[in-house]
Amino acid sequence: MEFKEKKKTREGFGRALEELGEKNPNVVVLVGDLAESTMVHFFAKKFPERFFQMGVAEQNMTNVAAGLSLTGKIPFFSTYGAFAACRNLDHVRVTICYSNLNVKIGGAHGGISVGPDGATHQAMEEFAIMRSLPNMKLIVPCDFWEAKKATLKSAEIWGPFYIRFGREDVPVVTDESRPFIFGKADIHREGKDLSIIACGVMVAEALSAAEMLESQGISARVLNMHTLKPIDKEAIVKAAQETGAIVTAEEHQIHGGLGSTVAQVVAENHPVPMEYVAVMDRFGMSGKPEELMKEFGIKDVNIVEKALKVLKRKKSGC
Amino acid sequence: MLQISQEKELRKNPFGYDIEQLKEVALRIRRDILTMLPEAGSGHTGGPLSAADFGTALFFNEMVYDPKNPKWPDRDMWFFSFGHVTPVHYSLLAEAGFFPKRDLLKFRKLDGHLQGHPSCLDSPGIEVSSGSLGQGLSIAVGAALGSRIDKHPRRVYCLMSDGEQQEGSIWEAAMSAAHYKVDNLCGLIDFNNAQIDGKVENIMGIEPLYDKYKAFGWHAIDIDGHNYRQILDALAEAKTVKGKPTVILCRTYMGKGVSFMEDDYRWHGKPPKKEEAEKALIELGTTYQEWYQHLLNH
Ligand SMILES: Cc1ncc(C[n+]2csc(CCOP(=O)(O)OP(=O)(O)O)c2C)c(N)n1
C-alpha cells in the first residue's frame, strides 16, 4: 500500500510542545542531552526560561521533573525510550507513579525501526513496563498528527503519562482534523471477518494488510489502539463479538504489550481465536529500519499470514 | 500562578521555639519513636533517633508551613529522601499538628494511614512518596527550580542519609543543583556513619563528604548534628548563601539518646522489643505505659 506522506512521530511531539508553550505558562520541558533527537529544541528556542537541559543524567531528570510538578508546573521530559522507561524505572515507579504526579514522559526512539543503532537503542519493553505501573497512562501514537494530538491531550489530563515515539518517518494515516479521543480506539476500517488491532507504526502495516486481505475476499476491521492504558475494553469486546477473530500488531516484545493486553480482555469477556504480530522475545540488531521490520516479522505480510491462520482457527472452532 | 503572601510576617515558622523548647520537643519525639515501634512490631529505630534533633529544629524553628493547611501555597517544602525514617518523620508531623498523635500507634498497620515508608496520597504533610534511596535531592532541585520560576520566596529542604550518598543519582542531583545555582535549596545529611550492613566507612566510604560537595559547587557546613546552637546557626548561614545550594553535614550518632543503642548500626532496621523500649523510655524519663497513654490521648 502506498501512503502519500511520511513524517516523524517525534516531530509531532516537538510541535505540540511548542504549541503548549504558547498556550500554557506552566508547561516546562526537560531533556537529557537529546534536544534535537527528541525534537524539544522547538520549545527550547522559544521558551528558554522554561527549558531545562539536564545532561546525561536521566534519573535526576526524572525526579527534577517530579519536583517541578509539585510547584504546579506541567513538566514533559524526554529521552530515548530505552532510558526513559528502563533506566529510570525505579524513579518513575516510586516518585512519579506512587505519588501520582503530573509528569509527562516522551519516550523517543521506540521499536525495532530505530535501525542501525542496534539493540541497546531499540526500546521494545516500554509497554510492558508502563502498563504495569498504577496511575500511569500510556499512548502509542501512529503518526505525526496523532503524536501531536496525544501530547496536547496529555497536558490536559492530570497524572503521569508515557507517550511513545519512533525515530523514522512513518506513513501519515490520520489527518489534522481526525478526532483523537484518549482511551478510545480509533476505527480506521470496518470489517466483519476478523479484526486487526494495532498501535504505532503498525497501524499503517495493518491498513496495508487489510487491503491485501480484501483482494482475497477477506474483510478485516482495523482498530488503531493508540491508548494502551487505560485500554478500550469495549472496542475489543465488540471486535471479538462481531468479527470472531483477532490479530494484534505492535512494534514491541510479545510479552506484556498490546497483544497480552488485548488477550486478557478477550479471555475475560468473549474468548475468540487470537494471533500476534510482535517481536518474539529477542533483542534487536543493527540494520535498515525496513530490513529489520522484515527480519523480525512485523510487516503487513506477517499480519496477513497471521490473519489467514486465525481465520482457519475461527472456522475450525479452536 | 500561585497566590503568595507578600507580608513577611506570614512567612514564618508556626512555633518559633528557642533551644530549650526544642530540646523538650525532641525528648517527646524520641519517646514517640520508642513507643510506636514496638507497637508496630517492625520499622527503623537508629536513624530516626539520630535525625531527631535537626528534624526538630527544622519543624519547630526553621520551616514555614501551616499544619492545618498542608498544601498552603506559601509553604516551604521538605523532602525526606531517606524514607525509612518514618518514625521521626511521622512523630514530627503529629507533634506539629498535621494529624493526631494516636495515629502513631497505627504505624505500619492496615487500619492506619501511616505506611512503612511515607506515602503522600495516604498522609498529610508529605509532598512526595519515598523509600527508594537517592531520589529526594533531585525532587528538591525540581521544587527549587519551579519555585524560582514563580519568584516564590520558599526554601526547599532535603533531608538525606549518609548511606544514600552512595547512590549515583545523588551526585547527578548535586551537579544539577550547582549548575542551576539553586540557592533556595538546603540539604541536610544525617551523618551517623551507620547503614544496614555496618559502618558506612566500612561498607562504602563516602568521605571526604564535605570536600565532595564543595567540589560539586555547593556551600558546605560541617556541624555536630545534636548541637542546637550549631544547627540553628548553620540553617541561618544557609539562607545567606547566594548563587549556590547549601548542604549541612550533621554529624550524629545512630540511636542517639538511648545508651544501649547509641552508635550501633545494628539498630538501623529493627524495632525495640517492649522490654527494650521500656528500658529506653525509663532513660528518657517516662515509661512505656505512660507514653502509650500519652499518644492515645493526643
Ligand atoms: C535504592 C534503595 N536501595 C536499598 C534500600 C534498602 N535500604 C534501606 S535503608 C538502607 C541503608 C541504611 O543506611 P542509611 O540510609 O544511612 O540510614 P540509617 O541506617 O542511618 O538509618 C538500605 C540499603 C532502599 N531503601 N533503597
# chains A, B, ... in the order shown; residues from 1 in each chain; ligands from 1
call {"tool": "interface_residues", "arguments": {"of": "chain A", "to": "chain B", "cutoff": "10 Å", "atoms": "only C-alpha atoms", "output": "PyMOL selection string"}}
result
chain A and resi 25-26+28+49-50+52-73+75+90-91+93-101
call {"tool": "select_by_dssp", "arguments": {"residues": "segment 96-236 of chain A", "states": "strand (DSSP E or B)", "output": "VMD selection string"}}
result
chain A and resid 104 to 108 110 123 137 to 139 161 to 164 169 to 171 186 to 189 194 to 198 220 to 224 227 to 229
call {"tool": "write_last_selection", "arguments": {"atoms": "C-alpha atoms", "output": "PDB file, in the first residue's frame"}}
result
ATOM      1  CA  LYS A 104       4.687  13.550  31.182  1.00  0.00           C
ATOM      2  CA  ILE A 105       7.336  11.325  29.648  1.00  0.00           C
ATOM      3  CA  GLY A 106       8.230  11.491  25.975  1.00  0.00           C
ATOM      4  CA  GLY A 107       9.911   8.197  25.122  1.00  0.00           C
ATOM      5  CA  ALA A 108      11.593   8.632  21.767  1.00  0.00           C
ATOM      6  CA  GLY A 110      10.851   3.170  20.372  1.00  0.00           C
ATOM      7  CA  ALA A 123      13.250   0.152  23.151  1.00  0.00           C
ATOM      8  CA  LYS A 137      -1.249   6.222  31.288  1.00  0.00           C
ATOM      9  CA  LEU A 138       0.284   5.060  28.026  1.00  0.00           C
ATOM     10  CA  ILE A 139      -0.219   6.334  24.484  1.00  0.00           C
ATOM     11  CA  PHE A 161       1.769   9.832  31.055  1.00  0.00           C
ATOM     12  CA  TYR A 162       4.178   7.931  28.868  1.00  0.00           C
ATOM     13  CA  ILE A 163       3.979   8.666  25.143  1.00  0.00           C
ATOM     14  CA  ARG A 164       6.000   6.549  22.749  1.00  0.00           C
ATOM     15  CA  ASP A 169       9.454   8.988   9.011  1.00  0.00           C
ATOM     16  CA  VAL A 170       6.293   6.900   9.105  1.00  0.00           C
ATOM     17  CA  PRO A 171       3.131   6.971   6.960  1.00  0.00           C
ATOM     18  CA  ASP A 186      -9.990   4.671  16.512  1.00  0.00           C
ATOM     19  CA  ILE A 187     -11.663   2.516  13.848  1.00  0.00           C
ATOM     20  CA  HIS A 188      -9.772   3.062  10.600  1.00  0.00           C
ATOM     21  CA  ARG A 189     -11.564   0.437   8.598  1.00  0.00           C
ATOM     22  CA  LEU A 194     -11.609 -10.536  11.637  1.00  0.00           C
ATOM     23  CA  SER A 195     -10.196  -7.545  13.485  1.00  0.00           C
ATOM     24  CA  ILE A 196      -6.632  -6.300  13.360  1.00  0.00           C
ATOM     25  CA  ILE A 197      -5.793  -4.312  16.482  1.00  0.00           C
ATOM     26  CA  ALA A 198      -2.622  -2.296  16.082  1.00  0.00           C
ATOM     27  CA  ALA A 220     -10.762  -7.006   8.082  1.00  0.00           C
ATOM     28  CA  ARG A 221     -11.607  -4.381  10.653  1.00  0.00           C
ATOM     29  CA  VAL A 222      -8.641  -2.201  11.625  1.00  0.00           C
ATOM     30  CA  LEU A 223      -8.551  -0.717  15.098  1.00  0.00           C
ATOM     31  CA  ASN A 224      -5.929   1.846  15.996  1.00  0.00           C
ATOM     32  CA  THR A 227      -4.167   4.329  24.100  1.00  0.00           C
ATOM     33  CA  LEU A 228      -2.737   1.199  25.724  1.00  0.00           C
ATOM     34  CA  LYS A 229      -3.599   2.273  29.229  1.00  0.00           C
TER      35      LYS A 229
END
call {"tool": "closest_residue", "arguments": {"among": "B:Ala215, B:Leu34, B:Ile206, B:Val247", "to": "ligand 1", "atoms": "only C-alpha atoms and all ligand atoms"}}
result
B:Ile206
call {"tool": "closest_atom_pairs", "arguments": {"of": "chain B", "to": "ligand 1", "cutoff": "8 Å", "atoms": "only C-alpha atoms and all ligand atoms", "output": "JSON lines"}}
result
{"residue": "B:His44", "atom": "CA", "partner": "ligand 1", "partner_atom_place_in_ligand_line": "21 (O)", "distance": 7.0}
{"residue": "B:Thr45", "atom": "CA", "partner": "ligand 1", "partner_atom_place_in_ligand_line": "21 (O)", "distance": 7.7}
{"residue": "B:Gly46", "atom": "CA", "partner": "ligand 1", "partner_atom_place_in_ligand_line": "21 (O)", "distance": 5.8}
{"residue": "B:Gly47", "atom": "CA", "partner": "ligand 1", "partner_atom_place_in_ligand_line": "21 (O)", "distance": 3.5}
{"residue": "B:Pro48", "atom": "CA", "partner": "ligand 1", "partner_atom_place_in_ligand_line": "21 (O)", "distance": 6.8}
{"residue": "B:Ser50", "atom": "CA", "partner": "ligand 1", "partner_atom_place_in_ligand_line": "20 (O)", "distance": 7.6}
{"residue": "B:Phe82", "atom": "CA", "partner": "ligand 1", "partner_atom_place_in_ligand_line": "15 (O)", "distance": 6.0}
{"residue": "B:Gly83", "atom": "CA", "partner": "ligand 1", "partner_atom_place_in_ligand_line": "25 (N)", "distance": 7.4}
{"residue": "B:His84", "atom": "CA", "partner": "ligand 1", "partner_atom_place_in_ligand_line": "9 (S)", "distance": 6.2}
{"residue": "B:Val85", "atom": "CA", "partner": "ligand 1", "partner_atom_place_in_ligand_line": "21 (O)", "distance": 6.5}
{"residue": "B:Gly131", "atom": "CA", "partner": "ligand 1", "partner_atom_place_in_ligand_line": "25 (N)", "distance": 5.2}
{"residue": "B:Ser132", "atom": "CA", "partner": "ligand 1", "partner_atom_place_in_ligand_line": "26 (N)", "distance": 3.7}
{"residue": "B:Leu133", "atom": "CA", "partner": "ligand 1", "partner_atom_place_in_ligand_line": "26 (N)", "distance": 4.0}
{"residue": "B:Gly134", "atom": "CA", "partner": "ligand 1", "partner_atom_place_in_ligand_line": "1 (C)", "distance": 6.3}
{"residue": "B:Met160", "atom": "CA", "partner": "ligand 1", "partner_atom_place_in_ligand_line": "15 (O)", "distance": 7.6}
{"residue": "B:Ser161", "atom": "CA", "partner": "ligand 1", "partner_atom_place_in_ligand_line": "16 (O)", "distance": 4.5}
{"residue": "B:Asp162", "atom": "CA", "partner": "ligand 1", "partner_atom_place_in_ligand_line": "16 (O)", "distance": 4.4}
{"residue": "B:Gly163", "atom": "CA", "partner": "ligand 1", "partner_atom_place_in_ligand_line": "16 (O)", "distance": 3.3}
{"residue": "B:Glu164", "atom": "CA", "partner": "ligand 1", "partner_atom_place_in_ligand_line": "15 (O)", "distance": 5.0}
{"residue": "B:Glu167", "atom": "CA", "partner": "ligand 1", "partner_atom_place_in_ligand_line": "1 (C)", "distance": 7.5}
{"residue": "B:Asp190", "atom": "CA", "partner": "ligand 1", "partner_atom_place_in_ligand_line": "20 (O)", "distance": 6.7}
{"residue": "B:Phe191", "atom": "CA", "partner": "ligand 1", "partner_atom_place_in_ligand_line": "20 (O)", "distance": 7.3}
{"residue": "B:Asn192", "atom": "CA", "partner": "ligand 1", "partner_atom_place_in_ligand_line": "20 (O)", "distance": 5.8}
{"residue": "B:Asn193", "atom": "CA", "partner": "ligand 1", "partner_atom_place_in_ligand_line": "16 (O)", "distance": 6.9}
{"residue": "B:Ala194", "atom": "CA", "partner": "ligand 1", "partner_atom_place_in_ligand_line": "19 (O)", "distance": 5.0}
{"residue": "B:Gln195", "atom": "CA", "partner": "ligand 1", "partner_atom_place_in_ligand_line": "13 (O)", "distance": 3.4}
{"residue": "B:Ile196", "atom": "CA", "partner": "ligand 1", "partner_atom_place_in_ligand_line": "12 (C)", "distance": 4.9}
{"residue": "B:Val200", "atom": "CA", "partner": "ligand 1", "partner_atom_place_in_ligand_line": "16 (O)", "distance": 7.3}
{"residue": "B:Met254", "atom": "CA", "partner": "ligand 1", "partner_atom_place_in_ligand_line": "20 (O)", "distance": 6.5}
{"residue": "B:Tyr265", "atom": "CA", "partner": "ligand 1", "partner_atom_place_in_ligand_line": "19 (O)", "distance": 6.6}
{"residue": "B:Trp267", "atom": "CA", "partner": "ligand 1", "partner_atom_place_in_ligand_line": "19 (O)", "distance": 7.9}
{"residue": "B:His268", "atom": "CA", "partner": "ligand 1", "partner_atom_place_in_ligand_line": "19 (O)", "distance": 4.6}
{"residue": "B:Gly269", "atom": "CA", "partner": "ligand 1", "partner_atom_place_in_ligand_line": "19 (O)", "distance": 7.2}
call {"tool": "select_by_dssp", "arguments": {"residues": "segment 50-227 of chain A", "states": "alpha helix (DSSP H)", "output": "number ranges by chain"}}
result
A: 58-70, 81, 89-91, 126-131, 144-156, 202-215
call {"tool": "write_last_selection", "arguments": {"atoms": "N, CA and C atoms", "output": "short mmCIF file (atom, residue, chain, number, x, y, z; two decimals), in the first residue's frame"}}
result
data_model
loop_
_atom_site.label_atom_id
_atom_site.label_comp_id
_atom_site.auth_asym_id
_atom_site.auth_seq_id
_atom_site.Cartn_x
_atom_site.Cartn_y
_atom_site.Cartn_z
N GLU A 58 19.65 10.79 33.47
CA GLU A 58 18.21 10.60 33.31
C GLU A 58 17.47 10.41 34.62
N GLN A 59 18.13 9.76 35.59
CA GLN A 59 17.45 9.54 36.87
C GLN A 59 17.16 10.89 37.53
N ASN A 60 18.17 11.75 37.50
CA ASN A 60 17.99 13.08 38.06
C ASN A 60 16.90 13.85 37.31
N MET A 61 16.95 13.78 35.98
CA MET A 61 15.96 14.49 35.17
C MET A 61 14.54 14.07 35.55
N THR A 62 14.35 12.78 35.74
CA THR A 62 13.03 12.25 36.06
C THR A 62 12.50 12.89 37.35
N ASN A 63 13.35 12.96 38.35
CA ASN A 63 12.87 13.47 39.64
C ASN A 63 12.90 15.00 39.73
N VAL A 64 13.73 15.64 38.93
CA VAL A 64 13.64 17.11 38.86
C VAL A 64 12.27 17.45 38.25
N ALA A 65 11.87 16.69 37.25
CA ALA A 65 10.53 16.87 36.67
C ALA A 65 9.47 16.67 37.75
N ALA A 66 9.66 15.66 38.57
CA ALA A 66 8.71 15.39 39.67
C ALA A 66 8.63 16.61 40.59
N GLY A 67 9.77 17.14 40.95
CA GLY A 67 9.81 18.31 41.84
C GLY A 67 9.14 19.51 41.22
N LEU A 68 9.38 19.71 39.93
CA LEU A 68 8.73 20.84 39.23
C LEU A 68 7.22 20.68 39.27
N SER A 69 6.75 19.45 39.13
CA SER A 69 5.29 19.25 39.12
C SER A 69 4.69 19.62 40.48
N LEU A 70 5.46 19.47 41.54
CA LEU A 70 4.95 19.80 42.88
C LEU A 70 4.71 21.29 43.04
N GLY A 81 13.49 5.99 24.66
CA GLY A 81 12.66 5.09 25.46
C GLY A 81 13.49 4.11 26.27
N LEU A 89 13.26 3.37 35.72
CA LEU A 89 12.03 2.73 36.21
C LEU A 89 11.78 2.97 37.70
N ASP A 90 12.79 2.81 38.52
CA ASP A 90 12.61 2.98 39.97
C ASP A 90 12.07 4.38 40.28
N HIS A 91 12.62 5.39 39.59
CA HIS A 91 12.20 6.76 39.84
C HIS A 91 10.77 6.99 39.35
N GLU A 126 8.79 -0.95 26.68
CA GLU A 126 8.12 0.12 27.43
C GLU A 126 6.65 -0.15 27.72
N PHE A 127 5.96 -0.84 26.78
CA PHE A 127 4.52 -1.05 27.02
C PHE A 127 4.34 -1.91 28.27
N ALA A 128 5.12 -2.99 28.33
CA ALA A 128 5.01 -3.90 29.47
C ALA A 128 5.33 -3.17 30.77
N ILE A 129 6.38 -2.38 30.73
CA ILE A 129 6.82 -1.67 31.94
C ILE A 129 5.77 -0.65 32.37
N MET A 130 5.38 0.21 31.45
CA MET A 130 4.49 1.31 31.82
C MET A 130 3.09 0.82 32.16
N ARG A 131 2.65 -0.24 31.47
CA ARG A 131 1.31 -0.74 31.76
C ARG A 131 1.21 -1.34 33.15
N PHE A 144 2.36 11.39 12.78
CA PHE A 144 2.68 12.76 13.21
C PHE A 144 1.50 13.44 13.89
N TRP A 145 0.34 13.40 13.24
CA TRP A 145 -0.81 14.13 13.78
C TRP A 145 -1.27 13.56 15.12
N GLU A 146 -1.28 12.24 15.16
CA GLU A 146 -1.74 11.62 16.40
C GLU A 146 -0.75 11.90 17.54
N ALA A 147 0.53 11.92 17.20
CA ALA A 147 1.56 12.21 18.21
C ALA A 147 1.35 13.62 18.76
N LYS A 148 1.04 14.53 17.86
CA LYS A 148 0.82 15.92 18.27
C LYS A 148 -0.41 16.02 19.17
N LYS A 149 -1.48 15.37 18.72
CA LYS A 149 -2.73 15.46 19.50
C LYS A 149 -2.60 14.77 20.85
N ALA A 150 -1.91 13.64 20.87
CA ALA A 150 -1.73 12.91 22.13
C ALA A 150 -0.93 13.74 23.12
N THR A 151 0.08 14.42 22.62
CA THR A 151 0.91 15.25 23.50
C THR A 151 0.09 16.41 24.07
N LEU A 152 -0.68 17.06 23.20
CA LEU A 152 -1.54 18.16 23.66
C LEU A 152 -2.53 17.67 24.71
N LYS A 153 -3.11 16.50 24.42
CA LYS A 153 -4.13 15.94 25.33
C LYS A 153 -3.53 15.63 26.70
N SER A 154 -2.32 15.09 26.70
CA SER A 154 -1.72 14.65 27.97
C SER A 154 -1.54 15.83 28.94
N ALA A 155 -1.41 17.02 28.38
CA ALA A 155 -1.24 18.19 29.26
C ALA A 155 -2.54 18.55 29.95
N GLU A 156 -3.66 18.07 29.39
CA GLU A 156 -4.97 18.43 29.94
C GLU A 156 -5.45 17.46 31.02
N MET A 202 2.50 0.23 13.39
CA MET A 202 1.85 -0.98 12.90
C MET A 202 0.42 -0.72 12.41
N VAL A 203 -0.11 0.46 12.68
CA VAL A 203 -1.43 0.80 12.14
C VAL A 203 -1.34 0.89 10.62
N ALA A 204 -0.28 1.50 10.12
CA ALA A 204 -0.10 1.60 8.67
C ALA A 204 0.08 0.20 8.07
N GLU A 205 0.85 -0.64 8.76
CA GLU A 205 1.05 -2.02 8.28
C GLU A 205 -0.28 -2.77 8.29
N ALA A 206 -1.10 -2.50 9.29
CA ALA A 206 -2.40 -3.17 9.40
C ALA A 206 -3.33 -2.74 8.27
N LEU A 207 -3.29 -1.46 7.93
CA LEU A 207 -4.13 -0.96 6.83
C LEU A 207 -3.70 -1.59 5.51
N SER A 208 -2.40 -1.71 5.35
CA SER A 208 -1.87 -2.33 4.15
C SER A 208 -2.28 -3.81 4.09
N ALA A 209 -2.17 -4.48 5.25
CA ALA A 209 -2.56 -5.90 5.32
C ALA A 209 -4.04 -6.06 5.00
N ALA A 210 -4.86 -5.14 5.50
CA ALA A 210 -6.31 -5.22 5.26
C ALA A 210 -6.61 -5.12 3.77
N GLU A 211 -5.83 -4.30 3.10
CA GLU A 211 -6.03 -4.16 1.66
C GLU A 211 -5.68 -5.47 0.93
N MET A 212 -4.56 -6.05 1.36
CA MET A 212 -4.16 -7.34 0.77
C MET A 212 -5.21 -8.41 1.02
N LEU A 213 -5.76 -8.40 2.23
CA LEU A 213 -6.77 -9.40 2.57
C LEU A 213 -8.04 -9.18 1.74
N GLU A 214 -8.35 -7.92 1.50
CA GLU A 214 -9.55 -7.59 0.72
C GLU A 214 -9.46 -8.20 -0.67
N SER A 215 -8.24 -8.16 -1.23
CA SER A 215 -8.07 -8.71 -2.57
C SER A 215 -8.27 -10.23 -2.58
#
call {"tool": "atom_distance", "arguments": {"atom1": "atom CA of Trp158 of chain A", "atom2": "atom CA of Pro230 of chain A"}}
result
13.8 Å
call {"tool": "residues_around", "arguments": {"residues": "segment 242-255 of chain A", "least_positions_apart": "6", "cutoff": "6 Å", "atoms": "only C-alpha atoms", "output": "VMD selection string"}}
result
chain A and resid 111 124 192 to 199 202 272 to 281
call {"tool": "residues_around", "arguments": {"residues": "Gln230 of chain B", "least_positions_apart": "4", "cutoff": "12 Å", "atoms": "only C-alpha atoms", "output": "count of residues only"}}
result
18
call {"tool": "residues_around", "arguments": {"residues": "Phe43 of chain A", "least_positions_apart": "6", "cutoff": "12 Å", "atoms": "only C-alpha atoms", "output": "PDB file with N, CA, C and O atoms, in the first residue's frame"}}
result
ATOM      1  N   GLU A  11       8.358  14.380  15.724  1.00  0.00           N
ATOM      2  CA  GLU A  11       8.156  15.774  15.346  1.00  0.00           C
ATOM      3  C   GLU A  11       6.791  16.271  15.838  1.00  0.00           C
ATOM      4  O   GLU A  11       6.634  17.430  16.230  1.00  0.00           O
ATOM      5  N   PHE A  13       5.461  15.382  18.573  1.00  0.00           N
ATOM      6  CA  PHE A  13       5.735  15.696  19.987  1.00  0.00           C
ATOM      7  C   PHE A  13       6.346  17.094  20.098  1.00  0.00           C
ATOM      8  O   PHE A  13       5.869  17.950  20.858  1.00  0.00           O
ATOM      9  N   GLY A  14       7.384  17.329  19.320  1.00  0.00           N
ATOM     10  CA  GLY A  14       8.095  18.614  19.374  1.00  0.00           C
ATOM     11  C   GLY A  14       7.199  19.791  19.022  1.00  0.00           C
ATOM     12  O   GLY A  14       7.224  20.831  19.687  1.00  0.00           O
ATOM     13  N   ARG A  15       6.380  19.611  17.978  1.00  0.00           N
ATOM     14  CA  ARG A  15       5.483  20.704  17.558  1.00  0.00           C
ATOM     15  C   ARG A  15       4.399  20.950  18.597  1.00  0.00           C
ATOM     16  O   ARG A  15       3.975  22.092  18.826  1.00  0.00           O
ATOM     17  N   ALA A  16       3.925  19.873  19.215  1.00  0.00           N
ATOM     18  CA  ALA A  16       2.891  20.028  20.248  1.00  0.00           C
ATOM     19  C   ALA A  16       3.454  20.798  21.440  1.00  0.00           C
ATOM     20  O   ALA A  16       2.786  21.674  22.003  1.00  0.00           O
ATOM     21  N   LEU A  17       4.692  20.502  21.822  1.00  0.00           N
ATOM     22  CA  LEU A  17       5.290  21.198  22.962  1.00  0.00           C
ATOM     23  C   LEU A  17       5.439  22.687  22.655  1.00  0.00           C
ATOM     24  O   LEU A  17       5.198  23.547  23.510  1.00  0.00           O
ATOM     25  N   GLU A  18       5.809  22.964  21.423  1.00  0.00           N
ATOM     26  CA  GLU A  18       5.949  24.354  21.001  1.00  0.00           C
ATOM     27  C   GLU A  18       4.605  25.082  21.166  1.00  0.00           C
ATOM     28  O   GLU A  18       4.532  26.192  21.681  1.00  0.00           O
ATOM     29  N   GLU A  19       3.540  24.394  20.754  1.00  0.00           N
ATOM     30  CA  GLU A  19       2.198  24.968  20.861  1.00  0.00           C
ATOM     31  C   GLU A  19       1.792  25.116  22.332  1.00  0.00           C
ATOM     32  O   GLU A  19       1.222  26.136  22.728  1.00  0.00           O
ATOM     33  N   LEU A  20       2.100  24.096  23.115  1.00  0.00           N
ATOM     34  CA  LEU A  20       1.755  24.141  24.542  1.00  0.00           C
ATOM     35  C   LEU A  20       2.483  25.281  25.242  1.00  0.00           C
ATOM     36  O   LEU A  20       1.953  25.910  26.157  1.00  0.00           O
ATOM     37  N   GLY A  21       3.706  25.516  24.823  1.00  0.00           N
ATOM     38  CA  GLY A  21       4.491  26.611  25.398  1.00  0.00           C
ATOM     39  C   GLY A  21       3.759  27.934  25.281  1.00  0.00           C
ATOM     40  O   GLY A  21       3.747  28.740  26.214  1.00  0.00           O
ATOM     41  N   GLU A  22       3.138  28.148  24.129  1.00  0.00           N
ATOM     42  CA  GLU A  22       2.370  29.381  23.902  1.00  0.00           C
ATOM     43  C   GLU A  22       1.117  29.406  24.766  1.00  0.00           C
ATOM     44  O   GLU A  22       0.774  30.421  25.357  1.00  0.00           O
ATOM     45  N   VAL A  27       3.699  24.884  31.414  1.00  0.00           N
ATOM     46  CA  VAL A  27       4.396  23.779  30.748  1.00  0.00           C
ATOM     47  C   VAL A  27       5.900  24.047  30.742  1.00  0.00           C
ATOM     48  O   VAL A  27       6.355  25.113  30.323  1.00  0.00           O
ATOM     49  N   VAL A  28       6.653  23.087  31.253  1.00  0.00           N
ATOM     50  CA  VAL A  28       8.117  23.173  31.238  1.00  0.00           C
ATOM     51  C   VAL A  28       8.659  21.891  30.595  1.00  0.00           C
ATOM     52  O   VAL A  28       7.989  20.859  30.596  1.00  0.00           O
ATOM     53  N   VAL A  29       9.839  21.983  30.020  1.00  0.00           N
ATOM     54  CA  VAL A  29      10.389  20.844  29.282  1.00  0.00           C
ATOM     55  C   VAL A  29      11.821  20.556  29.744  1.00  0.00           C
ATOM     56  O   VAL A  29      12.610  21.483  29.954  1.00  0.00           O
ATOM     57  N   LEU A  30      12.114  19.273  29.933  1.00  0.00           N
ATOM     58  CA  LEU A  30      13.458  18.850  30.317  1.00  0.00           C
ATOM     59  C   LEU A  30      13.958  17.829  29.303  1.00  0.00           C
ATOM     60  O   LEU A  30      13.164  17.059  28.746  1.00  0.00           O
ATOM     61  N   VAL A  31      15.262  17.802  29.111  1.00  0.00           N
ATOM     62  CA  VAL A  31      15.800  16.825  28.172  1.00  0.00           C
ATOM     63  C   VAL A  31      17.178  16.371  28.626  1.00  0.00           C
ATOM     64  O   VAL A  31      17.902  17.106  29.317  1.00  0.00           O
ATOM     65  N   ALA A  35      18.175  17.073  22.690  1.00  0.00           N
ATOM     66  CA  ALA A  35      17.153  18.081  22.375  1.00  0.00           C
ATOM     67  C   ALA A  35      16.672  17.976  20.930  1.00  0.00           C
ATOM     68  O   ALA A  35      15.475  18.035  20.666  1.00  0.00           O
ATOM     69  N   GLU A  36      17.607  17.801  20.001  1.00  0.00           N
ATOM     70  CA  GLU A  36      17.169  17.718  18.609  1.00  0.00           C
ATOM     71  C   GLU A  36      16.575  16.355  18.295  1.00  0.00           C
ATOM     72  O   GLU A  36      15.570  16.250  17.604  1.00  0.00           O
ATOM     73  N   GLU A  49      13.488  30.050  29.236  1.00  0.00           N
ATOM     74  CA  GLU A  49      13.367  30.134  30.700  1.00  0.00           C
ATOM     75  C   GLU A  49      12.544  28.978  31.276  1.00  0.00           C
ATOM     76  O   GLU A  49      12.551  28.754  32.477  1.00  0.00           O
ATOM     77  N   ARG A  50      11.864  28.237  30.403  1.00  0.00           N
ATOM     78  CA  ARG A  50      11.087  27.082  30.872  1.00  0.00           C
ATOM     79  C   ARG A  50      11.650  25.772  30.321  1.00  0.00           C
ATOM     80  O   ARG A  50      10.985  24.748  30.314  1.00  0.00           O
ATOM     81  N   PHE A  51      12.867  25.851  29.832  1.00  0.00           N
ATOM     82  CA  PHE A  51      13.504  24.664  29.276  1.00  0.00           C
ATOM     83  C   PHE A  51      14.725  24.312  30.121  1.00  0.00           C
ATOM     84  O   PHE A  51      15.538  25.182  30.433  1.00  0.00           O
ATOM     85  N   PHE A  52      14.839  23.050  30.499  1.00  0.00           N
ATOM     86  CA  PHE A  52      15.959  22.626  31.337  1.00  0.00           C
ATOM     87  C   PHE A  52      16.760  21.517  30.663  1.00  0.00           C
ATOM     88  O   PHE A  52      16.264  20.407  30.486  1.00  0.00           O
ATOM     89  N   GLN A  53      17.968  21.855  30.299  1.00  0.00           N
ATOM     90  CA  GLN A  53      18.885  20.856  29.770  1.00  0.00           C
ATOM     91  C   GLN A  53      19.479  20.134  30.978  1.00  0.00           C
ATOM     92  O   GLN A  53      20.096  20.757  31.834  1.00  0.00           O
ATOM     93  N   PHE A  76       7.290  18.061  30.948  1.00  0.00           N
ATOM     94  CA  PHE A  76       7.475  16.995  29.961  1.00  0.00           C
ATOM     95  C   PHE A  76       8.973  16.720  29.925  1.00  0.00           C
ATOM     96  O   PHE A  76       9.755  17.649  29.736  1.00  0.00           O
ATOM     97  N   PHE A  77       9.375  15.470  30.118  1.00  0.00           N
ATOM     98  CA  PHE A  77      10.796  15.215  29.911  1.00  0.00           C
ATOM     99  C   PHE A  77      10.960  14.168  28.830  1.00  0.00           C
ATOM    100  O   PHE A  77      10.088  13.322  28.631  1.00  0.00           O
TER     101      PHE A  77
END
call {"tool": "atom_distance", "arguments": {"atom1": "atom CA of Arg154 of chain B", "atom2": "atom CA of Ala178 of chain B"}}
result
18.0 Å
call {"tool": "atom_distance", "arguments": {"atom1": "atom CA of Lys181 of chain B", "atom2": "atom CA of Ser81 of chain B"}}
result
20.5 Å
call {"tool": "residues_around", "arguments": {"residues": "segment 287-294 of chain A", "least_positions_apart": "4", "cutoff": "8 Å", "atoms": "only C-alpha atoms", "output": "PyMOL selection string"}}
result
chain A and resi 112-116+118+168+298-299
